[in-house]
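S.K.: This is the structure, below, for whatever I ask next.
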Amino acid sequence: MPTHTFVLNGQQVTVDVEDDVRLLWVLRDILGVTGPKYGCGLGVCQACTSHVNGKAFNPCCTPVGDLQATDQVTTIEGLPATVGQELHPMQQAWLDMDVPQCGYCQPGQIMAAVAKVLQARAAGQQLGDADFDQIRNICRCGTYHRIREAILSAQTKF
């Protein structure tokens, strides 16, 4: 069986699994990292959103064989370490704004929000309506207004 090595939340990991196994199943079933959620398996709901090399991606659509040994995968579990705090400022904003209801989509929502803020910052901008329109994560509970408020409150804190 092939082995695959990559960096997960700051730690190098190696797994023995076929090349075509989706990274979401490697994270959840083999490595025990359950923050990224399974919602659709098609990249539509984006409940599994995580980061690879600082950019948002959906591990439900990514075969583990596509990763390189130097790829840095960050899940919600590793997000606080990216800023050296107990909670990432986006996670704290989620709590402060009382965003979650059922909570299922929240890890993916937070990861997408952080990536979008970093993307806007790299372009020398603050988030605008067009940026919010590009965040396509689905929230079954409809807390989109609170999600937006949390993102706006956190965008300058990291």
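How things are named: the first chain in the structure tokens is A, the next is B, and so on; residues count from 1 in each chain; ligands count from 1 in the order shown.
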If you run DSSP on the backbone, which residues of stretch 41-98 of chain A are helix (DSSP H, G or I), as a list in words?
M.R.: Pro59, Cys60, Cys61, Val64, Gly65, Asp66, Pro80, Ala81, Thr82, Pro89, Met90, Gln91, Gln92, Ala93, Trp94, Leu95 and Asp96 of chain A
S.K.: Write a file of the just-selected residues containing C-alpha atoms, as a PDB file, in the first residue's frame.
M.R.:
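Output (out_25.pdb):
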```pdb
ATOM      1  CA  PRO A  59     -10.608  17.617   1.721  1.00  0.00           C
ATOM      2  CA  CYS A  60     -13.733  15.694   0.682  1.00  0.00           C
ATOM      3  CA  CYS A  61     -12.708  16.304  -2.939  1.00  0.00           C
ATOM      4  CA  VAL A  64      -4.528  12.061  -0.481  1.00  0.00           C
ATOM      5  CA  GLY A  65      -2.276  11.182  -3.416  1.00  0.00           C
ATOM      6  CA  ASP A  66      -2.454  14.825  -4.552  1.00  0.00           C
ATOM      7  CA  PRO A  80      -5.136  28.517  17.076  1.00  0.00           C
ATOM      8  CA  ALA A  81      -1.478  27.530  16.688  1.00  0.00           C
ATOM      9  CA  THR A  82      -1.257  29.687  13.551  1.00  0.00           C
ATOM     10  CA  PRO A  89      -9.480  35.460  16.914  1.00  0.00           C
ATOM     11  CA  MET A  90     -12.037  34.198  14.377  1.00  0.00           C
ATOM     12  CA  GLN A  91     -13.059  31.424  16.778  1.00  0.00           C
ATOM     13  CA  GLN A  92     -13.370  33.979  19.587  1.00  0.00           C
ATOM     14  CA  ALA A  93     -15.500  36.231  17.373  1.00  0.00           C
ATOM     15  CA  TRP A  94     -17.763  33.240  16.671  1.00  0.00           C
ATOM     16  CA  LEU A  95     -18.290  32.862  20.418  1.00  0.00           C
ATOM     17  CA  ASP A  96     -18.662  36.589  21.033  1.00  0.00           C
TER      18      ASP A  96
END
```
S.K.: Would you mind listing what lies within 8 Å of stretch 13-28 of chain A as a PDB file with all heavy atoms, in the first residue's frame, with only C-alpha atoms counted and same-chain residues fewer than 4 positions away left out?
M.R.:
```
ATOM      1  N   MET A   1       0.854  -1.172   0.000  1.00  0.00           N
ATOM      2  CA  MET A   1       0.000   0.000   0.000  1.00  0.00           C
ATOM      3  C   MET A   1       0.903   1.240   0.000  1.00  0.00           C
ATOM      4  O   MET A   1       1.893   1.289   0.708  1.00  0.00           O
ATOM      5  CB  MET A   1      -0.891  -0.007   1.236  1.00  0.00           C
ATOM      6  CG  MET A   1      -1.914   1.093   1.206  1.00  0.00           C
ATOM      7  SD  MET A   1      -3.273   0.940   2.389  1.00  0.00           S
ATOM      8  CE  MET A   1      -3.881  -0.687   2.085  1.00  0.00           C
ATOM      9  N   PRO A   2       0.526   2.272  -0.764  1.00  0.00           N
ATOM     10  CA  PRO A   2       1.345   3.484  -0.818  1.00  0.00           C
ATOM     11  C   PRO A   2       1.350   4.229   0.520  1.00  0.00           C
ATOM     12  O   PRO A   2       0.381   4.163   1.283  1.00  0.00           O
ATOM     13  CB  PRO A   2       0.669   4.336  -1.883  1.00  0.00           C
ATOM     14  CG  PRO A   2      -0.375   3.500  -2.513  1.00  0.00           C
ATOM     15  CD  PRO A   2      -0.608   2.320  -1.648  1.00  0.00           C
ATOM     16  N   THR A   3       2.427   4.939   0.782  1.00  0.00           N
ATOM     17  CA  THR A   3       2.486   5.811   1.952  1.00  0.00           C
ATOM     18  C   THR A   3       2.433   7.258   1.479  1.00  0.00           C
ATOM     19  O   THR A   3       2.938   7.597   0.402  1.00  0.00           O
ATOM     20  CB  THR A   3       3.766   5.584   2.786  1.00  0.00           C
ATOM     21  OG1 THR A   3       4.891   5.727   1.926  1.00  0.00           O
ATOM     22  CG2 THR A   3       3.772   4.245   3.455  1.00  0.00           C
ATOM     23  N   HIS A   4       1.816   8.083   2.298  1.00  0.00           N
ATOM     24  CA  HIS A   4       1.669   9.509   1.983  1.00  0.00           C
ATOM     25  C   HIS A   4       2.086  10.302   3.214  1.00  0.00           C
ATOM     26  O   HIS A   4       1.602  10.041   4.314  1.00  0.00           O
ATOM     27  CB  HIS A   4       0.223   9.834   1.607  1.00  0.00           C
ATOM     28  CG  HIS A   4      -0.245   9.035   0.442  1.00  0.00           C
ATOM     29  ND1 HIS A   4       0.071   9.365  -0.849  1.00  0.00           N
ATOM     30  CD2 HIS A   4      -0.958   7.889   0.376  1.00  0.00           C
ATOM     31  CE1 HIS A   4      -0.462   8.474  -1.664  1.00  0.00           C
ATOM     32  NE2 HIS A   4      -1.091   7.566  -0.942  1.00  0.00           N
ATOM     33  N   THR A   5       2.959  11.263   2.989  1.00  0.00           N
ATOM     34  CA  THR A   5       3.454  12.116   4.062  1.00  0.00           C
ATOM     35  C   THR A   5       3.066  13.555   3.758  1.00  0.00           C
ATOM     36  O   THR A   5       3.159  14.005   2.613  1.00  0.00           O
ATOM     37  CB  THR A   5       4.986  11.988   4.183  1.00  0.00           C
ATOM     38  OG1 THR A   5       5.306  10.620   4.474  1.00  0.00           O
ATOM     39  CG2 THR A   5       5.542  12.878   5.276  1.00  0.00           C
ATOM     40  N   PHE A   6       2.618  14.262   4.783  1.00  0.00           N
ATOM     41  CA  PHE A   6       2.316  15.687   4.680  1.00  0.00           C
ATOM     42  C   PHE A   6       2.362  16.259   6.096  1.00  0.00           C
ATOM     43  O   PHE A   6       2.527  15.524   7.069  1.00  0.00           O
ATOM     44  CB  PHE A   6       0.960  15.947   4.002  1.00  0.00           C
ATOM     45  CG  PHE A   6      -0.220  15.288   4.671  1.00  0.00           C
ATOM     46  CD1 PHE A   6      -1.013  15.973   5.567  1.00  0.00           C
ATOM     47  CD2 PHE A   6      -0.550  13.970   4.372  1.00  0.00           C
ATOM     48  CE1 PHE A   6      -2.105  15.370   6.174  1.00  0.00           C
ATOM     49  CE2 PHE A   6      -1.639  13.351   4.964  1.00  0.00           C
ATOM     50  CZ  PHE A   6      -2.421  14.053   5.873  1.00  0.00           C
ATOM     51  N   VAL A   7       2.246  17.563   6.203  1.00  0.00           N
ATOM     52  CA  VAL A   7       2.277  18.226   7.505  1.00  0.00           C
ATOM     53  C   VAL A   7       0.834  18.538   7.892  1.00  0.00           C
ATOM     54  O   VAL A   7       0.110  19.204   7.144  1.00  0.00           O
ATOM     55  CB  VAL A   7       3.134  19.509   7.460  1.00  0.00           C
ATOM     56  CG1 VAL A   7       3.122  20.211   8.814  1.00  0.00           C
ATOM     57  CG2 VAL A   7       4.556  19.181   7.025  1.00  0.00           C
ATOM     58  N   LEU A   8       0.421  18.050   9.048  1.00  0.00           N
ATOM     59  CA  LEU A   8      -0.937  18.263   9.548  1.00  0.00           C
ATOM     60  C   LEU A   8      -0.860  19.042  10.849  1.00  0.00           C
ATOM     61  O   LEU A   8      -0.290  18.557  11.833  1.00  0.00           O
ATOM     62  CB  LEU A   8      -1.652  16.928   9.765  1.00  0.00           C
ATOM     63  CG  LEU A   8      -3.021  17.013  10.429  1.00  0.00           C
ATOM     64  CD1 LEU A   8      -4.006  17.805   9.567  1.00  0.00           C
ATOM     65  CD2 LEU A   8      -3.560  15.622  10.718  1.00  0.00           C
ATOM     66  N   GLY A  32      -7.836  10.606  13.121  1.00  0.00           N
ATOM     67  CA  GLY A  32      -8.673  10.991  14.259  1.00  0.00           C
ATOM     68  C   GLY A  32      -8.933  12.477  14.378  1.00  0.00           C
ATOM     69  O   GLY A  32      -9.313  12.966  15.443  1.00  0.00           O
ATOM     70  N   VAL A  33      -8.779  13.223  13.298  1.00  0.00           N
ATOM     71  CA  VAL A  33      -9.017  14.668  13.287  1.00  0.00           C
ATOM     72  C   VAL A  33     -10.445  14.878  12.782  1.00  0.00           C
ATOM     73  O   VAL A  33     -10.713  14.736  11.590  1.00  0.00           O
ATOM     74  CB  VAL A  33      -7.984  15.389  12.389  1.00  0.00           C
ATOM     75  CG1 VAL A  33      -8.279  16.873  12.309  1.00  0.00           C
ATOM     76  CG2 VAL A  33      -6.576  15.138  12.904  1.00  0.00           C
ATOM     77  N   THR A  34     -11.357  15.196  13.696  1.00  0.00           N
ATOM     78  CA  THR A  34     -12.782  15.196  13.348  1.00  0.00           C
ATOM     79  C   THR A  34     -13.381  16.583  13.166  1.00  0.00           C
ATOM     80  O   THR A  34     -14.590  16.697  12.961  1.00  0.00           O
ATOM     81  CB  THR A  34     -13.582  14.425  14.416  1.00  0.00           C
ATOM     82  OG1 THR A  34     -13.363  15.050  15.689  1.00  0.00           O
ATOM     83  CG2 THR A  34     -13.159  12.962  14.457  1.00  0.00           C
ATOM     84  N   PRO A  36     -13.016  18.768  10.557  1.00  0.00           N
ATOM     85  CA  PRO A  36     -13.640  18.850   9.231  1.00  0.00           C
ATOM     86  C   PRO A  36     -14.796  17.853   9.144  1.00  0.00           C
ATOM     87  O   PRO A  36     -14.619  16.672   9.415  1.00  0.00           O
ATOM     88  CB  PRO A  36     -12.509  18.463   8.269  1.00  0.00           C
ATOM     89  CG  PRO A  36     -11.252  18.604   9.054  1.00  0.00           C
ATOM     90  CD  PRO A  36     -11.620  18.338  10.478  1.00  0.00           C
ATOM     91  N   TYR A  38     -18.108  15.840   7.334  1.00  0.00           N
ATOM     92  CA  TYR A  38     -18.633  15.325   6.071  1.00  0.00           C
ATOM     93  C   TYR A  38     -20.043  15.859   5.899  1.00  0.00           C
ATOM     94  O   TYR A  38     -20.890  15.684   6.786  1.00  0.00           O
ATOM     95  CB  TYR A  38     -18.656  13.793   6.065  1.00  0.00           C
ATOM     96  CG  TYR A  38     -19.301  13.249   4.812  1.00  0.00           C
ATOM     97  CD1 TYR A  38     -18.606  13.256   3.614  1.00  0.00           C
ATOM     98  CD2 TYR A  38     -20.602  12.774   4.829  1.00  0.00           C
ATOM     99  CE1 TYR A  38     -19.198  12.784   2.450  1.00  0.00           C
ATOM    100  CE2 TYR A  38     -21.199  12.301   3.676  1.00  0.00           C
ATOM    101  CZ  TYR A  38     -20.491  12.312   2.492  1.00  0.00           C
ATOM    102  OH  TYR A  38     -21.065  11.853   1.337  1.00  0.00           O
ATOM    103  N   CYS A  48     -16.362  20.674   5.283  1.00  0.00           N
ATOM    104  CA  CYS A  48     -15.032  20.122   5.558  1.00  0.00           C
ATOM    105  C   CYS A  48     -13.906  21.126   5.320  1.00  0.00           C
ATOM    106  O   CYS A  48     -12.727  20.794   5.482  1.00  0.00           O
ATOM    107  CB  CYS A  48     -14.781  18.886   4.701  1.00  0.00           C
ATOM    108  SG  CYS A  48     -14.734  19.223   2.918  1.00  0.00           S
ATOM    109  N   PRO A  59     -11.223  18.945   1.697  1.00  0.00           N
ATOM    110  CA  PRO A  59     -10.608  17.617   1.721  1.00  0.00           C
ATOM    111  C   PRO A  59     -11.523  16.493   1.264  1.00  0.00           C
ATOM    112  O   PRO A  59     -11.038  15.415   0.929  1.00  0.00           O
ATOM    113  CB  PRO A  59     -10.175  17.434   3.171  1.00  0.00           C
ATOM    114  CG  PRO A  59     -10.746  18.554   3.943  1.00  0.00           C
ATOM    115  CD  PRO A  59     -11.216  19.590   2.999  1.00  0.00           C
ATOM    116  N   CYS A  60     -12.834  16.740   1.184  1.00  0.00           N
ATOM    117  CA  CYS A  60     -13.733  15.694   0.682  1.00  0.00           C
ATOM    118  C   CYS A  60     -13.534  15.456  -0.808  1.00  0.00           C
ATOM    119  O   CYS A  60     -13.939  14.418  -1.329  1.00  0.00           O
ATOM    120  CB  CYS A  60     -15.185  16.037   0.970  1.00  0.00           C
ATOM    121  SG  CYS A  60     -15.867  17.373  -0.050  1.00  0.00           S
ATOM    122  N   CYS A  61     -12.918  16.397  -1.487  1.00  0.00           N
ATOM    123  CA  CYS A  61     -12.708  16.304  -2.939  1.00  0.00           C
ATOM    124  C   CYS A  61     -11.250  16.103  -3.311  1.00  0.00           C
ATOM    125  O   CYS A  61     -10.926  16.076  -4.493  1.00  0.00           O
ATOM    126  CB  CYS A  61     -13.190  17.593  -3.607  1.00  0.00           C
ATOM    127  SG  CYS A  61     -14.928  17.896  -3.409  1.00  0.00           S
ATOM    128  N   THR A  62     -10.382  15.997  -2.334  1.00  0.00           N
ATOM    129  CA  THR A  62      -8.950  15.942  -2.588  1.00  0.00           C
ATOM    130  C   THR A  62      -8.412  14.554  -2.280  1.00  0.00           C
ATOM    131  O   THR A  62      -8.383  14.149  -1.114  1.00  0.00           O
ATOM    132  CB  THR A  62      -8.213  16.984  -1.724  1.00  0.00           C
ATOM    133  OG1 THR A  62      -8.786  18.263  -1.960  1.00  0.00           O
ATOM    134  CG2 THR A  62      -6.732  17.006  -2.028  1.00  0.00           C
ATOM    135  N   PRO A  63      -7.952  13.831  -3.284  1.00  0.00           N
ATOM    136  CA  PRO A  63      -7.314  12.541  -3.009  1.00  0.00           C
ATOM    137  C   PRO A  63      -6.009  12.761  -2.251  1.00  0.00           C
ATOM    138  O   PRO A  63      -5.259  13.700  -2.555  1.00  0.00           O
ATOM    139  CB  PRO A  63      -7.036  11.958  -4.397  1.00  0.00           C
ATOM    140  CG  PRO A  63      -7.873  12.747  -5.344  1.00  0.00           C
ATOM    141  CD  PRO A  63      -8.048  14.096  -4.722  1.00  0.00           C
ATOM    142  N   VAL A  64      -5.745  11.915  -1.276  1.00  0.00           N
ATOM    143  CA  VAL A  64      -4.528  12.061  -0.481  1.00  0.00           C
ATOM    144  C   VAL A  64      -3.288  11.984  -1.373  1.00  0.00           C
ATOM    145  O   VAL A  64      -2.267  12.600  -1.081  1.00  0.00           O
ATOM    146  CB  VAL A  64      -4.477  11.024   0.667  1.00  0.00           C
ATOM    147  CG1 VAL A  64      -4.292   9.616   0.134  1.00  0.00           C
ATOM    148  CG2 VAL A  64      -3.400  11.378   1.680  1.00  0.00           C
ATOM    149  N   GLY A  65      -3.386  11.290  -2.491  1.00  0.00           N
ATOM    150  CA  GLY A  65      -2.276  11.182  -3.416  1.00  0.00           C
ATOM    151  C   GLY A  65      -1.887  12.499  -4.071  1.00  0.00           C
ATOM    152  O   GLY A  65      -0.805  12.609  -4.644  1.00  0.00           O
ATOM    153  N   ASP A  66      -2.760  13.507  -3.983  1.00  0.00           N
ATOM    154  CA  ASP A  66      -2.454  14.825  -4.552  1.00  0.00           C
ATOM    155  C   ASP A  66      -1.544  15.655  -3.654  1.00  0.00           C
ATOM    156  O   ASP A  66      -1.022  16.679  -4.089  1.00  0.00           O
ATOM    157  CB  ASP A  66      -3.735  15.625  -4.809  1.00  0.00           C
ATOM    158  CG  ASP A  66      -4.518  15.102  -5.997  1.00  0.00           C
ATOM    159  OD1 ASP A  66      -4.064  14.143  -6.663  1.00  0.00           O
ATOM    160  OD2 ASP A  66      -5.603  15.662  -6.267  1.00  0.00           O
TER     161      ASP A  66
END
```
S.K.: Here is a test: counting only C-alpha atoms, which residue of A:Cys141, A:Ile135, A:Val44, A:Leu79 is nearest to A:Ala112?
M.R.: A:Ile135
S.K.: What are the closest atom pairs, with distances in Å to one decimal, for all residues of stretch 21-50 of chain A lying within 10 Å of stretch 54-57 of chain A? Consider only C-alpha atoms, order rows by chain and residue number, and present the result as a Markdown table.
M.R.:
```
| residue | atom | partner | partner_atom | distance |
| --- | --- | --- | --- | --- |
| A:Gly43 | CA | A:Phe57 | CA | 8.7 |
| A:Gln46 | CA | A:Phe57 | CA | 8.5 |
| A:Cys48 | CA | A:Phe57 | CA | 8.4 |
| A:Thr49 | CA | A:Phe57 | CA | 5.6 |
| A:Ser50 | CA | A:Ala56 | CA | 5.6 |
```
S.K.: With distances taken over only C-alpha atoms, which residue among A:Ala123, A:Cys105, A:Ala150, A:Val52 lies nearest A:Asp71?
M.R.: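 Counting only C-alpha atoms, the residue closest to A:Asp71 is A:Val52.
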S.K.: So which residues of stretch 7-120 of chain A fall under strand (DSSP E) by DSSP, listed as a PDB file with all heavy atoms, in the first residue's frame?
M.R.:
```
ATOM      1  N   VAL A   7       2.246  17.563   6.203  1.00  0.00           N
ATOM      2  CA  VAL A   7       2.277  18.226   7.505  1.00  0.00           C
ATOM      3  C   VAL A   7       0.834  18.538   7.892  1.00  0.00           C
ATOM      4  O   VAL A   7       0.110  19.204   7.144  1.00  0.00           O
ATOM      5  CB  VAL A   7       3.134  19.509   7.460  1.00  0.00           C
ATOM      6  CG1 VAL A   7       3.122  20.211   8.814  1.00  0.00           C
ATOM      7  CG2 VAL A   7       4.556  19.181   7.025  1.00  0.00           C
ATOM      8  N   LEU A   8       0.421  18.050   9.048  1.00  0.00           N
ATOM      9  CA  LEU A   8      -0.937  18.263   9.548  1.00  0.00           C
ATOM     10  C   LEU A   8      -0.860  19.042  10.849  1.00  0.00           C
ATOM     11  O   LEU A   8      -0.290  18.557  11.833  1.00  0.00           O
ATOM     12  CB  LEU A   8      -1.652  16.928   9.765  1.00  0.00           C
ATOM     13  CG  LEU A   8      -3.021  17.013  10.429  1.00  0.00           C
ATOM     14  CD1 LEU A   8      -4.006  17.805   9.567  1.00  0.00           C
ATOM     15  CD2 LEU A   8      -3.560  15.622  10.718  1.00  0.00           C
ATOM     16  N   GLN A  11       2.536  19.166  12.406  1.00  0.00           N
ATOM     17  CA  GLN A  11       3.246  17.916  12.658  1.00  0.00           C
ATOM     18  C   GLN A  11       3.295  17.073  11.389  1.00  0.00           C
ATOM     19  O   GLN A  11       2.270  16.900  10.726  1.00  0.00           O
ATOM     20  CB  GLN A  11       2.542  17.105  13.758  1.00  0.00           C
ATOM     21  CG  GLN A  11       2.405  17.816  15.080  1.00  0.00           C
ATOM     22  CD  GLN A  11       3.741  18.027  15.753  1.00  0.00           C
ATOM     23  OE1 GLN A  11       4.601  17.153  15.749  1.00  0.00           O
ATOM     24  NE2 GLN A  11       3.937  19.208  16.322  1.00  0.00           N
ATOM     25  N   GLN A  12       4.453  16.551  11.080  1.00  0.00           N
ATOM     26  CA  GLN A  12       4.551  15.668   9.912  1.00  0.00           C
ATOM     27  C   GLN A  12       3.852  14.349  10.224  1.00  0.00           C
ATOM     28  O   GLN A  12       4.038  13.776  11.304  1.00  0.00           O
ATOM     29  CB  GLN A  12       6.010  15.415   9.546  1.00  0.00           C
ATOM     30  CG  GLN A  12       6.155  14.644   8.255  1.00  0.00           C
ATOM     31  CD  GLN A  12       7.609  14.507   7.833  1.00  0.00           C
ATOM     32  OE1 GLN A  12       8.501  14.468   8.659  1.00  0.00           O
ATOM     33  NE2 GLN A  12       7.830  14.418   6.541  1.00  0.00           N
ATOM     34  N   VAL A  13       3.018  13.909   9.296  1.00  0.00           N
ATOM     35  CA  VAL A  13       2.304  12.634   9.450  1.00  0.00           C
ATOM     36  C   VAL A  13       2.540  11.789   8.204  1.00  0.00           C
ATOM     37  O   VAL A  13       2.750  12.313   7.110  1.00  0.00           O
ATOM     38  CB  VAL A  13       0.786  12.828   9.686  1.00  0.00           C
ATOM     39  CG1 VAL A  13       0.517  13.564  10.982  1.00  0.00           C
ATOM     40  CG2 VAL A  13       0.137  13.552   8.514  1.00  0.00           C
ATOM     41  N   THR A  14       2.488  10.486   8.389  1.00  0.00           N
ATOM     42  CA  THR A  14       2.577   9.541   7.276  1.00  0.00           C
ATOM     43  C   THR A  14       1.469   8.524   7.450  1.00  0.00           C
ATOM     44  O   THR A  14       1.247   8.015   8.554  1.00  0.00           O
ATOM     45  CB  THR A  14       3.948   8.842   7.263  1.00  0.00           C
ATOM     46  OG1 THR A  14       4.961   9.842   7.124  1.00  0.00           O
ATOM     47  CG2 THR A  14       4.054   7.867   6.101  1.00  0.00           C
ATOM     48  N   VAL A  15       0.760   8.247   6.351  1.00  0.00           N
ATOM     49  CA  VAL A  15      -0.329   7.274   6.382  1.00  0.00           C
ATOM     50  C   VAL A  15      -0.123   6.264   5.264  1.00  0.00           C
ATOM     51  O   VAL A  15       0.419   6.583   4.215  1.00  0.00           O
ATOM     52  CB  VAL A  15      -1.709   7.955   6.238  1.00  0.00           C
ATOM     53  CG1 VAL A  15      -2.005   8.825   7.442  1.00  0.00           C
ATOM     54  CG2 VAL A  15      -1.810   8.772   4.960  1.00  0.00           C
ATOM     55  N   ASP A  16      -0.552   5.042   5.525  1.00  0.00           N
ATOM     56  CA  ASP A  16      -0.546   3.979   4.521  1.00  0.00           C
ATOM     57  C   ASP A  16      -1.968   3.833   4.008  1.00  0.00           C
ATOM     58  O   ASP A  16      -2.829   3.288   4.704  1.00  0.00           O
ATOM     59  CB  ASP A  16      -0.087   2.652   5.139  1.00  0.00           C
ATOM     60  CG  ASP A  16       1.339   2.699   5.622  1.00  0.00           C
ATOM     61  OD1 ASP A  16       2.171   3.328   4.947  1.00  0.00           O
ATOM     62  OD2 ASP A  16       1.629   2.104   6.677  1.00  0.00           O
ATOM     63  N   SER A  50     -10.869  23.253   5.058  1.00  0.00           N
ATOM     64  CA  SER A  50      -9.628  23.317   5.824  1.00  0.00           C
ATOM     65  C   SER A  50      -8.672  24.168   4.997  1.00  0.00           C
ATOM     66  O   SER A  50      -9.078  24.762   3.997  1.00  0.00           O
ATOM     67  CB  SER A  50      -9.071  21.904   6.040  1.00  0.00           C
ATOM     68  OG  SER A  50      -9.986  21.112   6.776  1.00  0.00           O
ATOM     69  N   HIS A  51      -7.421  24.236   5.396  1.00  0.00           N
ATOM     70  CA  HIS A  51      -6.429  24.991   4.622  1.00  0.00           C
ATOM     71  C   HIS A  51      -5.333  24.046   4.154  1.00  0.00           C
ATOM     72  O   HIS A  51      -4.916  23.162   4.903  1.00  0.00           O
ATOM     73  CB  HIS A  51      -5.772  26.077   5.465  1.00  0.00           C
ATOM     74  CG  HIS A  51      -6.696  27.141   5.926  1.00  0.00           C
ATOM     75  ND1 HIS A  51      -6.328  28.094   6.836  1.00  0.00           N
ATOM     76  CD2 HIS A  51      -7.989  27.428   5.600  1.00  0.00           C
ATOM     77  CE1 HIS A  51      -7.341  28.913   7.062  1.00  0.00           C
ATOM     78  NE2 HIS A  51      -8.363  28.518   6.332  1.00  0.00           N
ATOM     79  N   VAL A  52      -4.862  24.260   2.944  1.00  0.00           N
ATOM     80  CA  VAL A  52      -3.639  23.621   2.476  1.00  0.00           C
ATOM     81  C   VAL A  52      -2.733  24.756   2.019  1.00  0.00           C
ATOM     82  O   VAL A  52      -3.129  25.581   1.195  1.00  0.00           O
ATOM     83  CB  VAL A  52      -3.869  22.554   1.384  1.00  0.00           C
ATOM     84  CG1 VAL A  52      -4.389  23.140   0.094  1.00  0.00           C
ATOM     85  CG2 VAL A  52      -2.602  21.763   1.117  1.00  0.00           C
ATOM     86  N   LYS A  55      -4.413  28.235   2.062  1.00  0.00           N
ATOM     87  CA  LYS A  55      -5.581  28.520   1.237  1.00  0.00           C
ATOM     88  C   LYS A  55      -6.689  27.511   1.532  1.00  0.00           C
ATOM     89  O   LYS A  55      -6.425  26.345   1.797  1.00  0.00           O
ATOM     90  CB  LYS A  55      -5.212  28.460  -0.244  1.00  0.00           C
ATOM     91  CG  LYS A  55      -4.151  29.482  -0.633  1.00  0.00           C
ATOM     92  CD  LYS A  55      -3.968  29.553  -2.116  1.00  0.00           C
ATOM     93  CE  LYS A  55      -2.860  30.482  -2.541  1.00  0.00           C
ATOM     94  NZ  LYS A  55      -2.786  31.750  -1.946  1.00  0.00           N
ATOM     95  N   ALA A  56      -7.929  27.997   1.467  1.00  0.00           N
ATOM     96  CA  ALA A  56      -9.074  27.123   1.729  1.00  0.00           C
ATOM     97  C   ALA A  56      -9.178  26.046   0.653  1.00  0.00           C
ATOM     98  O   ALA A  56      -8.927  26.296  -0.522  1.00  0.00           O
ATOM     99  CB  ALA A  56     -10.363  27.945   1.773  1.00  0.00           C
ATOM    100  N   PHE A  57      -9.516  24.847   1.102  1.00  0.00           N
ATOM    101  CA  PHE A  57      -9.770  23.736   0.175  1.00  0.00           C
ATOM    102  C   PHE A  57     -10.711  22.766   0.856  1.00  0.00           C
ATOM    103  O   PHE A  57     -10.950  22.844   2.059  1.00  0.00           O
ATOM    104  CB  PHE A  57      -8.463  23.052  -0.253  1.00  0.00           C
ATOM    105  CG  PHE A  57      -7.958  22.005   0.704  1.00  0.00           C
ATOM    106  CD1 PHE A  57      -7.927  20.664   0.334  1.00  0.00           C
ATOM    107  CD2 PHE A  57      -7.522  22.346   1.977  1.00  0.00           C
ATOM    108  CE1 PHE A  57      -7.459  19.696   1.210  1.00  0.00           C
ATOM    109  CE2 PHE A  57      -7.050  21.385   2.855  1.00  0.00           C
ATOM    110  CZ  PHE A  57      -7.024  20.060   2.474  1.00  0.00           C
ATOM    111  N   GLN A  72       1.248  21.793   3.778  1.00  0.00           N
ATOM    112  CA  GLN A  72       0.820  22.091   5.146  1.00  0.00           C
ATOM    113  C   GLN A  72      -0.706  22.091   5.182  1.00  0.00           C
ATOM    114  O   GLN A  72      -1.333  22.991   4.624  1.00  0.00           O
ATOM    115  CB  GLN A  72       1.335  23.468   5.570  1.00  0.00           C
ATOM    116  CG  GLN A  72       2.812  23.645   5.424  1.00  0.00           C
ATOM    117  CD  GLN A  72       3.538  23.530   6.750  1.00  0.00           C
ATOM    118  OE1 GLN A  72       2.924  23.583   7.807  1.00  0.00           O
ATOM    119  NE2 GLN A  72       4.831  23.359   6.686  1.00  0.00           N
ATOM    120  N   VAL A  73      -1.280  21.103   5.828  1.00  0.00           N
ATOM    121  CA  VAL A  73      -2.728  21.021   5.984  1.00  0.00           C
ATOM    122  C   VAL A  73      -3.071  21.512   7.393  1.00  0.00           C
ATOM    123  O   VAL A  73      -2.502  21.040   8.375  1.00  0.00           O
ATOM    124  CB  VAL A  73      -3.232  19.575   5.784  1.00  0.00           C
ATOM    125  CG1 VAL A  73      -4.726  19.472   6.065  1.00  0.00           C
ATOM    126  CG2 VAL A  73      -2.904  19.090   4.371  1.00  0.00           C
ATOM    127  N   THR A  74      -3.993  22.474   7.447  1.00  0.00           N
ATOM    128  CA  THR A  74      -4.443  22.993   8.742  1.00  0.00           C
ATOM    129  C   THR A  74      -5.938  22.789   8.842  1.00  0.00           C
ATOM    130  O   THR A  74      -6.686  23.176   7.941  1.00  0.00           O
ATOM    131  CB  THR A  74      -4.115  24.492   8.892  1.00  0.00           C
ATOM    132  OG1 THR A  74      -2.722  24.690   8.671  1.00  0.00           O
ATOM    133  CG2 THR A  74      -4.484  24.999  10.275  1.00  0.00           C
TER     134      THR A  74
END
```
S.K.: Go ahead and compute the interatomic distance for atom CA of A:Thr156 and atom CA of A:Lys37, in Å to one decimal.
M.R.: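 Atom-to-atom, atom CA of A:Thr156 and atom CA of A:Lys37 are spaced 27.2 Å apart.
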S.K.: Separation of atom CA of A:Arg140 and atom CA of A:Gly78, in Å?
M.R.: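 Atom CA of A:Arg140 sits 24.7 Å away from atom CA of A:Gly78.
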S.K.: Counting only C-alpha atoms, figure out which residue out of A:Ile147, A:Leu31, A:Arg136, A:Phe158 gets nearest to A:Leu118.
M.R.: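 Using only C-alpha atoms, A:Leu118 sits closest to A:Phe158.
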S.K.: Please measure the separation of atom CA of A:Ile138 and atom CA of A:Gly103, giving the value in Å to one decimal.
M.R.: 11.8 Å
S.K.: Could you check which of A:Asn9, A:Thr70, A:Val99, A:Leu127 is closest to A:Val114, using only C-alpha atoms?
M.R.: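 Using only C-alpha atoms, A:Val114 sits closest to A:Leu127.
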S.K.: Counting only C-alpha atoms, which of A:Pro100, A:Lys157, A:Ala130, A:Val83 gets nearest to A:His145?
M.R.: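 Smallest distance to A:His145 is found for A:Pro100.
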S.K.: Please determine, counting only C-alpha atoms, which residue among A:Ala154, A:Met111, A:Asn53, A:Asn58 has the shortest atom-to-atom distance to A:Cys40.
M.R.: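 Ranking A:Ala154, A:Met111, A:Asn53, A:Asn58 by distance to A:Cys40, first place goes to A:Asn58.
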